[in-house]
$ cat structure.txt   # compact mmCIF, C-alpha atoms
# COMPACT_ATOMS: atom_id res chain seq x y z
CA MET M 1 17.26 -31.58 -31.82
CA THR M 2 13.84 -31.63 -33.48
CA LYS M 3 12.46 -28.14 -33.91
CA ARG M 4 8.89 -27.43 -32.88
CA LYS M 5 6.56 -26.17 -35.57
CA VAL M 6 5.57 -22.84 -33.99
CA ALA M 7 6.94 -20.83 -31.06
CA VAL M 8 4.30 -18.59 -29.49
CA ALA M 9 5.72 -15.41 -27.99
CA THR M 10 4.41 -12.27 -26.31
CA ASP M 11 5.50 -9.34 -24.17
CA SER M 12 5.08 -9.11 -20.41
CA VAL M 13 2.03 -6.82 -20.63
CA SER M 14 0.03 -9.98 -21.44
CA ASN M 15 0.14 -10.62 -17.68
CA LEU M 16 0.11 -14.41 -18.01
CA THR M 17 0.83 -16.34 -14.82
CA ALA M 18 4.08 -18.27 -14.52
CA GLU M 19 2.04 -21.47 -14.48
CA LEU M 20 0.38 -20.73 -17.83
CA VAL M 21 3.67 -19.65 -19.39
CA GLU M 22 5.27 -22.92 -18.33
CA GLN M 23 2.29 -25.11 -19.21
CA PHE M 24 2.08 -23.86 -22.80
CA ASP M 25 5.80 -23.06 -23.24
CA ILE M 26 5.08 -19.42 -24.10
CA LYS M 27 8.12 -17.20 -24.63
CA VAL M 28 7.88 -13.78 -22.99
CA ILE M 29 9.99 -10.70 -23.72
CA PRO M 30 9.85 -8.29 -20.77
CA GLN M 31 8.88 -4.65 -21.00
CA CYS M 32 11.09 -2.17 -19.12
CA LEU M 33 10.46 -0.07 -16.03
CA ASN M 34 12.64 3.03 -15.65
CA TRP M 35 12.89 4.36 -12.11
CA GLU M 36 15.40 6.65 -10.40
CA GLU M 37 18.16 6.04 -12.97
CA ASN M 38 17.67 2.26 -12.89
CA THR M 39 16.03 0.02 -15.48
CA TYR M 40 14.12 -3.08 -14.37
CA LEU M 41 12.82 -5.93 -16.51
CA ASP M 42 9.09 -6.25 -15.91
CA GLY M 43 8.31 -9.03 -13.45
CA ILE M 44 11.94 -10.25 -13.45
CA ASP M 45 14.03 -7.61 -11.70
CA ILE M 46 11.10 -6.27 -9.70
CA THR M 47 7.99 -8.13 -8.55
CA ALA M 48 4.49 -6.70 -8.34
CA ASP M 49 4.59 -6.73 -4.52
CA GLU M 50 7.92 -4.88 -4.44
CA PHE M 51 6.73 -2.40 -7.03
CA TYR M 52 3.43 -1.41 -5.42
CA ALA M 53 5.01 -1.15 -1.94
CA ARG M 54 7.67 1.19 -3.32
CA LEU M 55 5.23 3.16 -5.48
CA GLY M 56 3.24 4.23 -2.43
CA LYS M 57 6.32 5.96 -0.95
CA ALA M 58 7.99 7.17 -4.15
CA LYS M 59 8.91 10.81 -4.67
CA GLU M 60 9.70 10.18 -8.32
CA LEU M 61 7.26 8.12 -10.37
CA PRO M 62 8.58 5.50 -12.82
CA THR M 63 8.21 5.46 -16.59
CA THR M 64 8.05 2.53 -18.98
CA SER M 65 9.61 1.60 -22.31
CA GLN M 66 9.12 -1.21 -24.80
CA PRO M 67 11.86 -3.63 -25.87
CA SER M 68 13.95 -2.17 -28.69
CA ALA M 69 14.02 -3.56 -32.21
CA GLY M 70 17.49 -4.93 -31.44
CA GLU M 71 16.22 -6.74 -28.35
CA PHE M 72 13.35 -8.23 -30.35
CA LYS M 73 15.82 -9.31 -33.03
CA GLU M 74 17.91 -11.24 -30.47
CA PHE M 75 14.71 -12.67 -28.97
CA PHE M 76 13.48 -13.92 -32.36
CA GLN M 77 16.90 -15.31 -33.33
CA LYS M 78 17.03 -17.38 -30.15
CA LEU M 79 13.50 -18.71 -30.75
CA ALA M 80 14.40 -19.61 -34.33
CA GLU M 81 17.13 -21.96 -33.05
CA GLU M 82 14.45 -24.26 -31.67
CA SER M 83 11.40 -23.45 -33.83
CA GLU M 84 10.48 -23.56 -37.50
CA SER M 85 8.34 -20.40 -37.17
CA ILE M 86 7.30 -17.73 -34.66
CA VAL M 87 3.99 -16.05 -33.82
CA CYS M 88 4.40 -13.04 -31.52
CA ILE M 89 1.31 -11.39 -30.01
CA VAL M 90 1.88 -7.93 -28.55
CA VAL M 91 0.10 -5.24 -26.55
CA SER M 92 -2.19 -2.82 -28.42
CA ASP M 93 -0.40 -0.43 -30.75
CA HIS M 94 -2.49 2.39 -29.21
CA LEU M 95 -0.96 1.75 -25.78
CA SER M 96 2.69 1.05 -26.62
CA GLY M 97 5.34 1.16 -29.32
CA THR M 98 5.96 -2.58 -28.88
CA LEU M 99 4.34 -3.48 -32.22
CA ASP M 100 6.70 -1.12 -34.08
CA SER M 101 9.75 -2.66 -32.40
CA ALA M 102 8.61 -6.21 -33.15
CA ASN M 103 7.81 -5.39 -36.79
CA ALA M 104 11.19 -3.66 -37.25
CA ALA M 105 12.96 -6.75 -35.91
CA MET M 106 10.90 -9.01 -38.17
CA LYS M 107 12.05 -7.00 -41.21
CA MET M 108 15.68 -7.47 -40.13
CA LEU M 109 15.20 -11.25 -40.21
CA PRO M 110 13.64 -12.14 -43.59
CA GLU M 111 15.10 -15.64 -43.35
CA ILE M 112 12.93 -16.45 -40.28
CA ALA M 113 9.18 -17.12 -40.58
CA ILE M 114 7.81 -14.54 -38.13
CA GLU M 115 4.25 -13.22 -37.78
CA VAL M 116 3.50 -10.35 -35.39
CA VAL M 117 -0.10 -9.87 -34.22
CA ASP M 118 -1.50 -6.71 -32.60
CA SER M 119 -3.76 -7.96 -29.80
CA ARG M 120 -5.64 -4.62 -29.66
CA SER M 121 -5.70 -5.33 -25.94
CA ALA M 122 -3.55 -5.56 -22.80
CA SER M 123 -3.16 -7.59 -19.63
CA MET M 124 -5.23 -10.79 -19.73
CA GLY M 125 -7.24 -9.50 -22.69
CA GLN M 126 -3.98 -9.88 -24.58
CA GLY M 127 -3.17 -12.97 -22.51
CA PHE M 128 -6.27 -14.83 -23.68
CA ILE M 129 -5.29 -14.21 -27.30
CA VAL M 130 -1.81 -15.56 -26.57
CA LEU M 131 -3.32 -18.62 -24.86
CA ALA M 132 -5.52 -19.35 -27.88
CA ALA M 133 -2.45 -19.29 -30.11
CA ALA M 134 -0.43 -21.41 -27.69
CA ARG M 135 -3.19 -24.00 -27.39
CA ALA M 136 -3.38 -24.27 -31.18
CA ALA M 137 0.41 -24.63 -31.40
CA SER M 138 0.42 -27.33 -28.72
CA GLU M 139 -2.05 -29.32 -30.81
CA GLY M 140 0.30 -29.26 -33.80
CA ALA M 141 -1.19 -26.37 -35.82
CA ASP M 142 1.05 -24.71 -38.40
CA GLN M 143 1.97 -21.01 -38.33
CA ALA M 144 -1.01 -19.85 -40.41
CA ALA M 145 -3.47 -21.73 -38.17
CA VAL M 146 -1.86 -20.36 -35.00
CA VAL M 147 -2.11 -16.82 -36.36
CA GLU M 148 -5.75 -17.45 -37.23
CA ALA M 149 -6.46 -18.78 -33.72
CA ALA M 150 -5.10 -15.53 -32.30
CA LYS M 151 -6.73 -13.15 -34.77
CA ARG M 152 -10.22 -14.63 -34.40
CA LEU M 153 -10.16 -13.60 -30.72
CA VAL M 154 -8.91 -10.03 -31.25
CA PRO M 155 -12.33 -8.46 -32.02
CA ILE M 156 -14.21 -10.44 -29.36
CA THR M 157 -11.89 -10.04 -26.36
CA HIS M 158 -12.89 -7.33 -23.89
CA ALA M 159 -11.64 -5.66 -20.72
CA VAL M 160 -13.74 -3.60 -18.30
CA PHE M 161 -12.12 -2.00 -15.26
CA VAL M 162 -12.39 0.62 -12.53
CA VAL M 163 -9.47 2.88 -11.56
CA ASP M 164 -9.06 4.90 -8.40
CA THR M 165 -7.74 7.87 -10.36
CA LEU M 166 -7.13 8.86 -13.99
CA GLU M 167 -3.86 10.57 -13.04
CA PHE M 168 -1.57 7.69 -14.07
CA LEU M 169 -3.28 7.01 -17.41
CA HIS M 170 -3.21 10.74 -18.18
CA ARG M 171 0.45 11.17 -17.21
CA GLY M 172 1.48 8.19 -19.32
CA GLY M 173 -0.43 9.40 -22.37
CA ARG M 174 -2.66 6.32 -22.46
CA ILE M 175 -5.93 7.87 -21.39
CA GLY M 176 -7.65 7.76 -24.81
CA GLY M 177 -11.29 8.84 -24.83
CA ALA M 178 -11.37 8.83 -21.02
CA GLN M 179 -9.66 12.23 -21.30
CA ARG M 180 -13.05 13.88 -21.07
CA LEU M 181 -13.55 12.51 -17.55
CA LEU M 182 -10.55 14.46 -16.24
CA GLY M 183 -11.62 17.12 -13.79
CA SER M 184 -14.62 15.11 -12.60
CA VAL M 185 -15.38 15.40 -8.91
CA LEU M 186 -13.19 13.21 -6.74
CA SER M 187 -16.08 11.05 -5.59
CA ILE M 188 -16.67 9.75 -9.13
CA LYS M 189 -15.04 6.41 -9.99
CA PRO M 190 -14.38 6.00 -13.72
CA LEU M 191 -15.54 2.74 -15.27
CA LEU M 192 -13.42 2.20 -18.38
CA HIS M 193 -13.07 -0.38 -21.14
CA LEU M 194 -10.84 -1.19 -24.07
CA VAL M 195 -12.33 -0.46 -27.48
CA ASP M 196 -10.19 -1.51 -30.46
CA GLY M 197 -7.11 -1.16 -28.30
CA ARG M 198 -7.94 2.26 -26.88
CA ILE M 199 -9.09 3.12 -23.35
CA GLU M 200 -12.58 4.61 -23.46
CA PRO M 201 -15.06 5.65 -20.75
CA LEU M 202 -17.99 3.34 -20.09
CA ALA M 203 -19.65 5.00 -17.09
CA SER M 204 -18.98 7.19 -14.06
CA VAL M 205 -20.23 5.88 -10.73
CA ARG M 206 -20.05 7.44 -7.28
CA THR M 207 -18.29 4.64 -5.41
CA LYS M 208 -15.90 1.88 -6.40
CA ARG M 209 -18.20 -0.81 -5.03
CA LYS M 210 -21.06 0.46 -7.17
CA ALA M 211 -18.76 0.86 -10.17
CA LEU M 212 -17.73 -2.79 -9.93
CA GLY M 213 -21.37 -3.77 -9.53
CA ARG M 214 -22.20 -1.81 -12.66
CA ALA M 215 -19.30 -3.46 -14.49
CA LEU M 216 -20.65 -6.88 -13.60
CA GLU M 217 -24.13 -5.93 -14.83
CA ILE M 218 -22.70 -4.78 -18.16
CA ILE M 219 -20.56 -7.90 -18.56
CA GLU M 220 -23.43 -10.21 -17.61
CA ALA M 221 -25.67 -8.59 -20.21
CA ASP M 222 -22.90 -8.79 -22.81
CA THR M 223 -22.06 -12.46 -22.24
CA THR M 224 -25.41 -14.12 -21.49
CA GLY M 225 -26.62 -16.47 -24.20
CA LYS M 226 -23.28 -16.59 -26.01
CA GLY M 227 -20.56 -19.24 -26.27
CA ALA M 228 -18.39 -20.55 -23.43
CA LEU M 229 -17.01 -17.72 -21.31
CA HIS M 230 -13.34 -17.28 -20.42
CA ALA M 231 -12.54 -14.56 -17.86
CA ALA M 232 -9.80 -13.15 -15.64
CA VAL M 233 -10.13 -10.80 -12.69
CA LEU M 234 -7.35 -8.19 -12.73
CA HIS M 235 -6.12 -5.96 -9.96
CA ALA M 236 -3.33 -3.55 -9.06
CA SER M 237 -2.41 -3.94 -5.39
CA LYS M 238 -6.00 -4.60 -4.33
CA PRO M 239 -6.09 -8.32 -3.45
CA ASP M 240 -9.05 -8.09 -1.07
CA GLU M 241 -11.23 -6.16 -3.54
CA ALA M 242 -10.15 -8.51 -6.34
CA GLU M 243 -11.01 -11.63 -4.36
CA GLN M 244 -14.42 -10.23 -3.51
CA PHE M 245 -15.02 -9.38 -7.17
CA PHE M 246 -13.76 -12.84 -8.15
CA SER M 247 -16.41 -14.40 -5.89
CA GLN M 248 -19.11 -12.21 -7.44
CA VAL M 249 -18.00 -13.24 -10.94
CA GLN M 250 -18.15 -16.91 -9.91
CA GLU M 251 -21.69 -16.42 -8.62
CA ARG M 252 -23.04 -14.38 -11.52
CA LEU M 253 -21.25 -15.69 -14.60
CA GLN M 254 -20.88 -19.20 -15.97
CA THR M 255 -17.19 -19.44 -16.89
CA VAL M 256 -15.25 -22.37 -18.32
CA GLU M 257 -12.06 -20.86 -16.95
CA LEU M 258 -11.53 -17.99 -14.52
CA PHE M 259 -8.18 -16.54 -13.45
CA LEU M 260 -7.15 -14.02 -10.80
CA THR M 261 -4.02 -12.02 -11.59
CA GLU M 262 -2.18 -8.94 -10.38
CA LEU M 263 -1.00 -6.39 -12.93
CA THR M 264 2.74 -6.41 -13.61
CA PRO M 265 4.81 -3.34 -12.61
CA VAL M 266 4.81 -1.95 -16.16
CA ILE M 267 1.01 -2.07 -16.42
CA GLY M 268 0.63 -0.77 -12.86
CA THR M 269 2.84 2.21 -13.71
CA ASN M 270 0.31 3.26 -16.33
CA THR M 271 -2.90 2.50 -14.42
CA GLY M 272 -1.78 3.33 -10.91
CA PRO M 273 -2.59 1.21 -7.86
CA GLY M 274 -6.23 0.40 -7.18
CA LEU M 275 -7.44 -0.94 -10.53
CA VAL M 276 -9.91 -3.82 -10.40
CA GLY M 277 -11.51 -5.27 -13.51
CA LEU M 278 -12.30 -8.21 -15.77
CA ALA M 279 -10.91 -9.37 -19.10
CA TYR M 280 -13.13 -11.83 -20.94
CA TYR M 281 -14.37 -13.36 -24.17
CA ASN M 282 -17.08 -15.73 -25.31
CA GLU M 283 -16.03 -18.54 -27.63
CA PRO M 284 -17.36 -17.82 -31.14

$ encode --input "structure.txt" --output "structure tokens"
Amino acid sequence: MTKRKVAVATDSVSNLTAELVEQFDIKVIPQCLNWEENTYLDGIDITADEFYARLGKAKELPTTSQPSAGEFKEFFQKLAEESESIVCIVVSDHLSGTLDSANAAMKMLPEIAIEVVDSRSASMGQGFIVLAAARAASEGADQAAVVEAAKRLVPITHAVFVVDTLEFLHRGGRIGGAQRLLGSVLSIKPLLHLVDGRIEPLASVRTKRKALGRALEIIEADTTGKGALHAAVLHASKPDEAEQFFSQVQERLQTVELFLTELTPVIGTNTGPGLVGLAYYNEP
């Protein structure tokens, strides 16, 4: 069997659709959801629909954990059987210990050409970086060029989103600079964004509809006059709100590709239900 030049891999927080994973032959290692003494592989043992339906009635809230170094080692060894090299793009180091696990596994396997890239993002912000690497690999790029394709997007990929409550981010220890919004009156909807892999506050608006409108204004100002725009509408158990926002994005922004995706159970555990937002980047 002829080995491919580069295998592009990621973790399930990248939130790529099954169609994209199949189209670009991306290898995904699942994150773990721990709930009532059971462990579920993200998006495999429990779907988003099952997760959000159960979350609304749960007495005990789930927790999450990253793949271990040993699990990454097995993952990389399997990829090495069919690939000359591996590029693995993971969720922001500020949001998860996934990078540490992947790096530890890489050190255990000095005989395999592995590069691990911190996306400094999550969900489709991370997903777009993975896609850039996978597209380069599909065109025959070597490992160094695939890594470069990923890294050039890291500083220019953004995510802006509205959450119904900060409770889940706070409980999971992923609240970042948005900590200072805790204790705000209940009618305030936090508008947040990712800055260098950390969750930071962008604005506080009185209603979710207005918060999403403000998000679109900010994104429109940020993207106008720049290179081709790639974007993805994200949501956590809010399909109607997401579809409405998707339509607004189509009307207001000129995108070369636009996706609509629901957050996986592991991401939803940390954001809570109700998130709606946009991940995007302009081609440099």

$ residues_around --input "structure.txt" --residues "stretch 92-107 of chain M" --least-positions-apart "2" --cutoff "6 Å" --atoms "all atoms listed in the file" --output "JSON, numbers by chain"
{"M": [66, 68, 69, 72, 73, 109, 110, 118, 119, 120, 121, 174, 197, 198]}

$ axis_aligned_box --input "structure.txt" --around "stretch 20-37 of chain M" --padding-each-side "6 Å" --output "AutoDock Vina command-line options"
--center_x 9.3 --center_y -9.2 --center_z -17.5 --size_x 29.8 --size_y 43.8 --size_z 26.2

$ residues_around --input "structure.txt" --residues "M:Val147" --least-positions-apart "4" --cutoff "7 Å" --atoms "all atoms listed in the file" --output "ChimeraX atom specification"
/M:87,133,143,151

$ atom_distance --input "structure.txt" --atom1 "atom CA of M:Ser65" --atom2 "atom CA of M:Asn34"
7.5 Å

$ closest_residue --input "structure.txt" --among "M:Gln254, M:Ile29, M:Gly274, M:Ala221" --to "M:Pro190" --atoms "all atoms listed in the file"
M:Gly274

$ closest_residue --input "structure.txt" --among "M:Glu111, M:Glu220, M:Asp49, M:Glu37" --to "M:Thr63" --atoms "all atoms listed in the file"
M:Glu37

$ closest_residue --input "structure.txt" --among "M:Leu20, M:Ile267, M:Leu194, M:Ala231" --to "M:Leu131" --atoms "all atoms listed in the file"
M:Leu20

$ closest_residue --input "structure.txt" --among "M:Ile188, M:Leu229, M:Leu55, M:Leu61" --to "M:Phe259" --atoms "all atoms listed in the file"
M:Leu229

$ atom_distance --input "structure.txt" --atom1 "atom CA of M:Glu167" --atom2 "atom CA of M:Phe245"
23.6 Å

$ decode --input "structure.txt" --residues "stretch 67-89 of chain M" --atoms "N, CA and C atoms" --output "PDB file, in the first residue's frame"
ATOM      1  N   PRO M  67      -8.389  13.392  25.488  1.00  0.00           N
ATOM      2  CA  PRO M  67      -7.750  12.080  25.300  1.00  0.00           C
ATOM      3  C   PRO M  67      -6.418  12.056  26.052  1.00  0.00           C
ATOM      4  N   SER M  68      -6.084  10.910  26.594  1.00  0.00           N
ATOM      5  CA  SER M  68      -4.817  10.776  27.322  1.00  0.00           C
ATOM      6  C   SER M  68      -3.643  10.712  26.357  1.00  0.00           C
ATOM      7  N   ALA M  69      -2.442  10.842  26.899  1.00  0.00           N
ATOM      8  CA  ALA M  69      -1.241  10.707  26.071  1.00  0.00           C
ATOM      9  C   ALA M  69      -1.176   9.312  25.452  1.00  0.00           C
ATOM     10  N   GLY M  70      -1.598   8.304  26.208  1.00  0.00           N
ATOM     11  CA  GLY M  70      -1.603   6.938  25.687  1.00  0.00           C
ATOM     12  C   GLY M  70      -2.573   6.769  24.529  1.00  0.00           C
ATOM     13  N   GLU M  71      -3.737   7.402  24.633  1.00  0.00           N
ATOM     14  CA  GLU M  71      -4.719   7.334  23.544  1.00  0.00           C
ATOM     15  C   GLU M  71      -4.201   8.053  22.305  1.00  0.00           C
ATOM     16  N   PHE M  72      -3.546   9.199  22.504  1.00  0.00           N
ATOM     17  CA  PHE M  72      -2.940   9.894  21.364  1.00  0.00           C
ATOM     18  C   PHE M  72      -1.826   9.049  20.741  1.00  0.00           C
ATOM     19  N   LYS M  73      -1.065   8.365  21.575  1.00  0.00           N
ATOM     20  CA  LYS M  73       0.020   7.519  21.050  1.00  0.00           C
ATOM     21  C   LYS M  73      -0.541   6.446  20.117  1.00  0.00           C
ATOM     22  N   GLU M  74      -1.599   5.758  20.550  1.00  0.00           N
ATOM     23  CA  GLU M  74      -2.235   4.727  19.711  1.00  0.00           C
ATOM     24  C   GLU M  74      -2.807   5.337  18.434  1.00  0.00           C
ATOM     25  N   PHE M  75      -3.396   6.509  18.575  1.00  0.00           N
ATOM     26  CA  PHE M  75      -3.975   7.239  17.435  1.00  0.00           C
ATOM     27  C   PHE M  75      -2.896   7.553  16.400  1.00  0.00           C
ATOM     28  N   PHE M  76      -1.763   8.091  16.869  1.00  0.00           N
ATOM     29  CA  PHE M  76      -0.661   8.439  15.968  1.00  0.00           C
ATOM     30  C   PHE M  76      -0.039   7.188  15.334  1.00  0.00           C
ATOM     31  N   GLN M  77       0.103   6.129  16.117  1.00  0.00           N
ATOM     32  CA  GLN M  77       0.699   4.902  15.581  1.00  0.00           C
ATOM     33  C   GLN M  77      -0.154   4.333  14.446  1.00  0.00           C
ATOM     34  N   LYS M  78      -1.450   4.376  14.609  1.00  0.00           N
ATOM     35  CA  LYS M  78      -2.350   3.876  13.565  1.00  0.00           C
ATOM     36  C   LYS M  78      -2.237   4.739  12.301  1.00  0.00           C
ATOM     37  N   LEU M  79      -2.159   6.058  12.484  1.00  0.00           N
ATOM     38  CA  LEU M  79      -2.032   6.954  11.329  1.00  0.00           C
ATOM     39  C   LEU M  79      -0.706   6.731  10.604  1.00  0.00           C
ATOM     40  N   ALA M  80       0.332   6.424  11.370  1.00  0.00           N
ATOM     41  CA  ALA M  80       1.658   6.230  10.775  1.00  0.00           C
ATOM     42  C   ALA M  80       1.717   4.996   9.882  1.00  0.00           C
ATOM     43  N   GLU M  81       0.787   4.049  10.080  1.00  0.00           N
ATOM     44  CA  GLU M  81       0.758   2.849   9.244  1.00  0.00           C
ATOM     45  C   GLU M  81       0.396   3.172   7.794  1.00  0.00           C
ATOM     46  N   GLU M  82      -0.310   4.301   7.610  1.00  0.00           N
ATOM     47  CA  GLU M  82      -0.773   4.647   6.268  1.00  0.00           C
ATOM     48  C   GLU M  82      -0.275   6.008   5.789  1.00  0.00           C
ATOM     49  N   SER M  83       0.574   6.666   6.599  1.00  0.00           N
ATOM     50  CA  SER M  83       1.040   8.018   6.256  1.00  0.00           C
ATOM     51  C   SER M  83       2.517   8.179   6.558  1.00  0.00           C
ATOM     52  N   GLU M  84       3.180   8.983   5.739  1.00  0.00           N
ATOM     53  CA  GLU M  84       4.607   9.263   5.968  1.00  0.00           C
ATOM     54  C   GLU M  84       4.806  10.248   7.114  1.00  0.00           C
ATOM     55  N   SER M  85       3.814  11.119   7.344  1.00  0.00           N
ATOM     56  CA  SER M  85       3.922  12.121   8.413  1.00  0.00           C
ATOM     57  C   SER M  85       2.526  12.503   8.885  1.00  0.00           C
ATOM     58  N   ILE M  86       2.471  13.212  10.029  1.00  0.00           N
ATOM     59  CA  ILE M  86       1.194  13.572  10.652  1.00  0.00           C
ATOM     60  C   ILE M  86       1.238  15.035  11.074  1.00  0.00           C
ATOM     61  N   VAL M  87       0.148  15.751  10.807  1.00  0.00           N
ATOM     62  CA  VAL M  87      -0.042  17.102  11.342  1.00  0.00           C
ATOM     63  C   VAL M  87      -1.349  17.070  12.127  1.00  0.00           C
ATOM     64  N   CYS M  88      -1.259  17.346  13.420  1.00  0.00           N
ATOM     65  CA  CYS M  88      -2.426  17.275  14.312  1.00  0.00           C
ATOM     66  C   CYS M  88      -2.722  18.662  14.881  1.00  0.00           C
ATOM     67  N   ILE M  89      -3.912  19.160  14.615  1.00  0.00           N
ATOM     68  CA  ILE M  89      -4.307  20.518  15.022  1.00  0.00           C
ATOM     69  C   ILE M  89      -5.343  20.408  16.135  1.00  0.00           C
TER      70      ILE M  89
END
